[in-house]
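Below: work-v4.pdb (PDB, C-alpha atoms and all ligand atoms)
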```pdb
ATOM      1  CA  MET V  28       0.000   0.000   0.000  1.00  0.00           C
ATOM      2  CA  ASN V  29       1.021   3.634  -0.116  1.00  0.00           C
ATOM      3  CA  LYS V  30       0.065   6.507   2.130  1.00  0.00           C
ATOM      4  CA  LYS V  31       0.748  10.215   1.734  1.00  0.00           C
ATOM      5  CA  VAL V  32       1.377  12.179   4.896  1.00  0.00           C
ATOM      6  CA  ILE V  33       2.651  15.554   5.991  1.00  0.00           C
ATOM      7  CA  LEU V  34       5.516  15.436   8.484  1.00  0.00           C
ATOM      8  CA  ARG V  35       6.339  18.437  10.613  1.00  0.00           C
ATOM      9  CA  PHE V  36       9.863  18.290  11.993  1.00  0.00           C
ATOM     10  CA  PRO V  37      10.609  20.097  15.252  1.00  0.00           C
ATOM     11  CA  GLU V  38      13.958  21.759  15.879  1.00  0.00           C
ATOM     12  CA  LYS V  39      15.393  18.815  17.846  1.00  0.00           C
ATOM     13  CA  GLN V  40      15.016  16.437  14.841  1.00  0.00           C
ATOM     14  CA  PHE V  41      15.989  18.892  12.119  1.00  0.00           C
ATOM     15  CA  ASN V  42      19.464  17.514  11.383  1.00  0.00           C
ATOM     16  CA  HIS V  43      18.768  13.831  11.979  1.00  0.00           C
ATOM     17  CA  PRO V  44      18.456  11.259   9.145  1.00  0.00           C
ATOM     18  CA  VAL V  45      15.030  10.233  10.376  1.00  0.00           C
ATOM     19  CA  MET V  46      13.572   9.012   7.089  1.00  0.00           C
ATOM     20  CA  SER V  47      16.449   6.742   6.141  1.00  0.00           C
ATOM     21  CA  SER V  48      16.407   5.252   9.632  1.00  0.00           C
ATOM     22  CA  LEU V  49      12.765   4.219   9.071  1.00  0.00           C
ATOM     23  CA  THR V  50      13.804   2.333   5.940  1.00  0.00           C
ATOM     24  CA  LYS V  51      16.596   0.648   7.817  1.00  0.00           C
ATOM     25  CA  GLU V  52      14.506  -0.265  10.830  1.00  0.00           C
ATOM     26  CA  PHE V  53      11.140  -1.161   9.291  1.00  0.00           C
ATOM     27  CA  GLY V  54      11.918  -1.664   5.589  1.00  0.00           C
ATOM     28  CA  VAL V  55       9.436   1.008   4.540  1.00  0.00           C
ATOM     29  CA  LEU V  56      10.178   2.946   1.340  1.00  0.00           C
ATOM     30  CA  PHE V  57       9.296   6.578   0.791  1.00  0.00           C
ATOM     31  CA  ASN V  58       9.117   9.289  -1.853  1.00  0.00           C
ATOM     32  CA  ILE V  59       9.589  12.879  -0.794  1.00  0.00           C
ATOM     33  CA  LEU V  60       6.930  14.740  -2.769  1.00  0.00           C
ATOM     34  CA  LYS V  61       7.606  18.193  -1.386  1.00  0.00           C
ATOM     35  CA  ALA V  62       9.950  19.738   1.159  1.00  0.00           C
ATOM     36  CA  ASP V  63       9.750  23.062   2.891  1.00  0.00           C
ATOM     37  CA  ILE V  64      12.881  23.703   4.948  1.00  0.00           C
ATOM     38  CA  ASN V  65      13.140  26.698   7.211  1.00  0.00           C
ATOM     39  CA  ALA V  66      16.834  26.877   8.072  1.00  0.00           C
ATOM     40  CA  GLU V  67      16.360  30.036  10.111  1.00  0.00           C
ATOM     41  CA  ASN V  68      14.383  28.325  12.830  1.00  0.00           C
ATOM     42  CA  ASN V  69      15.596  24.751  12.119  1.00  0.00           C
ATOM     43  CA  ARG V  70      12.159  23.402  11.289  1.00  0.00           C
ATOM     44  CA  GLY V  71      10.920  21.563   8.265  1.00  0.00           C
ATOM     45  CA  THR V  72       7.820  20.152   6.654  1.00  0.00           C
ATOM     46  CA  LEU V  73       7.846  17.221   4.275  1.00  0.00           C
ATOM     47  CA  ILE V  74       5.137  15.668   2.180  1.00  0.00           C
ATOM     48  CA  VAL V  75       6.041  12.016   1.964  1.00  0.00           C
ATOM     49  CA  GLU V  76       4.525   9.007   0.287  1.00  0.00           C
ATOM     50  CA  PHE V  77       5.199   5.851   2.290  1.00  0.00           C
ATOM     51  CA  ILE V  78       5.318   2.632   0.312  1.00  0.00           C
ATOM     52  CA  GLY V  79       5.178  -0.715   2.066  1.00  0.00           C
ATOM     53  CA  GLU V  80       3.033  -3.133   3.997  1.00  0.00           C
ATOM     54  CA  SER V  81       0.449  -1.515   6.271  1.00  0.00           C
ATOM     55  CA  GLU V  82       2.330  -2.782   9.323  1.00  0.00           C
ATOM     56  CA  GLN V  83       5.600  -1.206   8.118  1.00  0.00           C
ATOM     57  CA  ILE V  84       3.858   2.106   7.586  1.00  0.00           C
ATOM     58  CA  ALA V  85       2.101   1.931  10.956  1.00  0.00           C
ATOM     59  CA  ASP V  86       5.399   1.129  12.730  1.00  0.00           C
ATOM     60  CA  SER V  87       7.079   4.032  10.932  1.00  0.00           C
ATOM     61  CA  GLU V  88       4.341   6.453  11.961  1.00  0.00           C
ATOM     62  CA  LYS V  89       4.556   5.193  15.534  1.00  0.00           C
ATOM     63  CA  ARG V  90       8.315   5.812  15.582  1.00  0.00           C
ATOM     64  CA  LEU V  91       7.855   9.310  14.138  1.00  0.00           C
ATOM     65  CA  LYS V  92       5.388  10.075  16.907  1.00  0.00           C
ATOM     66  CA  GLU V  93       7.878   8.829  19.516  1.00  0.00           C
ATOM     67  CA  LEU V  94      10.434  11.223  18.005  1.00  0.00           C
ATOM     68  CA  GLY V  95       8.031  14.133  18.347  1.00  0.00           C
ATOM     69  CA  ILE V  96       7.416  14.422  14.603  1.00  0.00           C
ATOM     70  CA  LYS V  97       3.824  15.236  13.877  1.00  0.00           C
ATOM     71  CA  THR V  98       2.196  13.327  11.001  1.00  0.00           C
ATOM     72  CA  GLU V  99      -1.050  14.296   9.344  1.00  0.00           C
ATOM     73  CA  PRO V 100      -2.807  12.620   6.414  1.00  0.00           C
ATOM     74  CA  LEU V 101      -2.285  14.709   3.304  1.00  0.00           C
ATOM     75  CA  SER V 102      -5.959  14.476   2.390  1.00  0.00           C
ATOM     76  CA  GLN V 103      -6.834  16.626   5.413  1.00  0.00           C
ATOM     77  CA  GLU V 104      -4.765  19.498   4.058  1.00  0.00           C
ATOM     78  CA  ILE V 105      -6.126  19.675   0.509  1.00  0.00           C
ATOM     79  CA  LYS V 106      -9.706  20.661   0.031  1.00  0.00           C
ATOM     80  CA  ARG V 107     -11.950  21.852  -2.707  1.00  0.00           C
ATOM     81  CA  ILE V 108     -14.710  24.203  -1.629  1.00  0.00           C
ATOM     82  CA  GLU V 109     -17.418  22.736  -3.790  1.00  0.00           C
ATOM     83  CA  ASP V 110     -19.676  25.800  -3.634  1.00  0.00           C
ATOM     84  CA  ASN V 111     -16.881  27.972  -5.045  1.00  0.00           C
ATOM     85  CA  CYS V 112     -15.920  25.698  -7.936  1.00  0.00           C
ATOM     86  CA  THR V 113     -17.508  26.684 -11.244  1.00  0.00           C
ATOM     87  CA  HIS V 114     -15.818  23.800 -13.137  1.00  0.00           C
ATOM     88  CA  CYS V 115     -14.082  26.312 -15.339  1.00  0.00           C
ATOM     89  CA  SER V 116     -11.203  23.775 -15.699  1.00  0.00           C
ATOM     90  CA  ALA V 117      -8.468  26.423 -15.441  1.00  0.00           C
ATOM     91  CA  CYS V 118      -6.716  24.305 -12.801  1.00  0.00           C
ATOM     92  CA  THR V 119      -6.553  21.065 -14.749  1.00  0.00           C
ATOM     93  CA  VAL V 120      -3.653  22.016 -17.029  1.00  0.00           C
ATOM     94  CA  HIS V 121      -1.612  23.111 -14.024  1.00  0.00           C
ATOM     95  CA  CYS V 122      -2.137  19.931 -12.018  1.00  0.00           C
ATOM     96  CA  PRO V 123       0.974  17.763 -12.484  1.00  0.00           C
ATOM     97  CA  THR V 124      -0.597  14.525 -11.294  1.00  0.00           C
ATOM     98  CA  GLY V 125      -4.043  14.478 -12.872  1.00  0.00           C
ATOM     99  CA  ALA V 126      -5.712  14.950  -9.495  1.00  0.00           C
ATOM    100  CA  LEU V 127      -7.856  17.606 -11.165  1.00  0.00           C
ATOM    101  CA  SER V 128      -9.276  16.399 -14.443  1.00  0.00           C
ATOM    102  CA  VAL V 129     -12.281  16.392 -16.734  1.00  0.00           C
ATOM    103  CA  PRO V 130     -12.997  12.705 -17.279  1.00  0.00           C
ATOM    104  CA  ASP V 131     -16.271  13.280 -19.107  1.00  0.00           C
ATOM    105  CA  ARG V 132     -16.191  15.738 -22.000  1.00  0.00           C
ATOM    106  CA  LYS V 133     -19.999  15.767 -22.180  1.00  0.00           C
ATOM    107  CA  THR V 134     -20.573  17.071 -18.664  1.00  0.00           C
ATOM    108  CA  MET V 135     -17.241  18.970 -18.414  1.00  0.00           C
ATOM    109  CA  ILE V 136     -17.337  18.433 -14.650  1.00  0.00           C
ATOM    110  CA  VAL V 137     -13.898  18.896 -13.076  1.00  0.00           C
ATOM    111  CA  GLU V 138     -13.228  16.031 -10.699  1.00  0.00           C
ATOM    112  CA  PHE V 139     -10.804  16.191  -7.798  1.00  0.00           C
ATOM    113  CA  GLU V 140      -9.107  12.954  -6.702  1.00  0.00           C
ATOM    114  CA  ALA V 141      -7.406  13.737  -3.414  1.00  0.00           C
ATOM    115  CA  SER V 142      -5.463  10.457  -3.498  1.00  0.00           C
ATOM    116  CA  LYS V 143      -3.495  11.693  -6.540  1.00  0.00           C
ATOM    117  CA  CYS V 144      -2.690  15.101  -5.076  1.00  0.00           C
ATOM    118  CA  ILE V 145       0.872  15.941  -4.034  1.00  0.00           C
ATOM    119  CA  ALA V 146       0.019  19.351  -2.562  1.00  0.00           C
ATOM    120  CA  CYS V 147       2.079  21.292  -5.086  1.00  0.00           C
ATOM    121  CA  GLY V 148      -0.269  24.237  -4.617  1.00  0.00           C
ATOM    122  CA  ASN V 149      -0.588  25.129  -8.330  1.00  0.00           C
ATOM    123  CA  CYS V 150      -4.361  24.907  -8.326  1.00  0.00           C
ATOM    124  CA  ALA V 151      -4.703  27.230  -5.352  1.00  0.00           C
ATOM    125  CA  VAL V 152      -2.657  29.832  -7.231  1.00  0.00           C
ATOM    126  CA  VAL V 153      -4.496  29.636 -10.548  1.00  0.00           C
ATOM    127  CA  CYS V 154      -8.082  29.105  -9.389  1.00  0.00           C
ATOM    128  CA  PRO V 155      -9.922  32.387  -9.971  1.00  0.00           C
ATOM    129  CA  TYR V 156     -12.637  31.463  -7.459  1.00  0.00           C
ATOM    130  CA  LYS V 157     -10.416  30.413  -4.545  1.00  0.00           C
ATOM    131  CA  ALA V 158     -12.010  26.973  -4.651  1.00  0.00           C
ATOM    132  CA  MET V 159      -8.846  25.019  -3.860  1.00  0.00           C
ATOM    133  CA  GLN V 160      -7.380  25.221  -0.381  1.00  0.00           C
ATOM    134  CA  VAL V 161      -3.882  23.830   0.103  1.00  0.00           C
ATOM    135  CA  LYS V 162      -2.591  24.175   3.644  1.00  0.00           C
ATOM    136  CA  PHE V 163       1.021  23.240   3.921  1.00  0.00           C
TER
HETATM  137  S1  LIG L   1      -9.897  26.534 -11.367  1.00  0.00           S
HETATM  138 FE1  LIG L   1     -11.103  26.591  -9.477  1.00  0.00          FE
HETATM  139  S2  LIG L   1     -13.201  26.969 -10.171  1.00  0.00           S
HETATM  140 FE2  LIG L   1     -12.034  26.297 -11.954  1.00  0.00          FE
HETATM  141  S3  LIG L   1     -12.383  24.056 -12.005  1.00  0.00           S
HETATM  142 FE3  LIG L   1     -10.472  24.419 -10.875  1.00  0.00          FE
HETATM  143  S4  LIG L   1     -11.132  24.475  -8.724  1.00  0.00           S
HETATM  144 FE4  LIG L   1     -12.959  24.743  -9.951  1.00  0.00          FE
HETATM  145  S1  LIG L   2      -2.237  20.776  -5.158  1.00  0.00           S
HETATM  146 FE1  LIG L   2      -3.701  21.051  -6.831  1.00  0.00          FE
HETATM  147  S2  LIG L   2      -2.451  21.167  -8.689  1.00  0.00           S
HETATM  148 FE2  LIG L   2      -1.155  20.267  -7.092  1.00  0.00          FE
HETATM  149  S3  LIG L   2      -1.389  18.048  -7.303  1.00  0.00           S
HETATM  150 FE3  LIG L   2      -2.925  18.735  -5.800  1.00  0.00          FE
HETATM  151  S4  LIG L   2      -4.770  19.088  -6.966  1.00  0.00           S
HETATM  152 FE4  LIG L   2      -3.073  19.013  -8.454  1.00  0.00          FE
END
```

Just give me the structure as structure tokens.
Ligand code: SF4
Ligand code: SF4
Amino acid sequence: MNKKVILRFPEKQFNHPVMSSLTKEFGVLFNILKADINAENNRGTLIVEFIGESEQIADSEKRLKELGIKTEPLSQEIKRIEDNCTHCSACTVHCPTGALSVPDRKTMIVEFEASKCIACGNCAVVCPYKAMQVKF
């Protein structure tokens, strides 16, 4: 399975090779989808996709918690405000993963698949109606 999460690193873990230690200890693999490093206050935020068995991912998340690293499911941070979306489709060409797409050319409804989203933030920038909220 895979699971996308946001990791918020506190100052005390900033310089530690936490992610590679999870691979070593639990065998879980990961892709870093986005990194926001604030060197001034020694804090960082990563969007990571864990790849592995559910037990490996659960053990990894448990260890992160023990280390004081907050994990949040990515899907909680990306939202479309349905009432604001006019299905203008302006966002779809800027979405690098196909999370925003028009699968049916007859209805021209823009669908949002949160599971494909990597929180790049492009849609929030280009949407003229402020329908996409990306908190990161
Ligand atoms: S750009 Fe905004 S209003 Fe247009 S389809 Fe995308 S989310 Fe909806
Ligand atoms: S943040 Fe928006 S543009 Fe980026 S991957 Fe997610 S849905 Fe697509």

Counting all atoms listed in the file, the option among V:Glu80, V:Lys31, V:Ile64, V:Leu49 closest to ligand LIG 2 (chain L): V:Lys31

Test item: residues no farther than 10 Å from ligand LIG 1 (chain L), counting all atoms listed in the file, as a PyMOL selection string: chain V and resi 106-122+127-129+135-139+149-160

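Nearest to ligand LIG 2 (chain L) of all the residues V:Ile84, V:Leu60, V:Lys133, V:Lys89 is V:Leu60, counting only C-alpha atoms and all ligand atoms.
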
Answer as an MDAnalysis selection string, residues within 8 Å of (11.1, 3.3, 0.8) using all atoms listed in the file: chainID V and resid 50 54:58 77:79

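Those DNA, RNA and protein residues that approach the point (-5.2, 13.9, 0.3) to within 7 Å, considering only C-alpha atoms, are Pro100, Leu101, Ser102, Gln103, Glu104, Ile105, Ala141, Ser142 and Cys144 of chain V.
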
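Distance annotation: of V:Pro37, V:Asp131, V:His43, V:Ile145, the residue with the minimal separation from Asn65 of chain V is V:Pro37; atom set is only C-alpha atoms.
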
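The space between atom CA of Lys162 of chain V and atom CA of Asp63 of chain V spans 12.4 Å.
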
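Taking atom CA of Ser48 of chain V and atom S3 of ligand LIG 2 (chain L) as the two end points, the separation is 27.7 Å.
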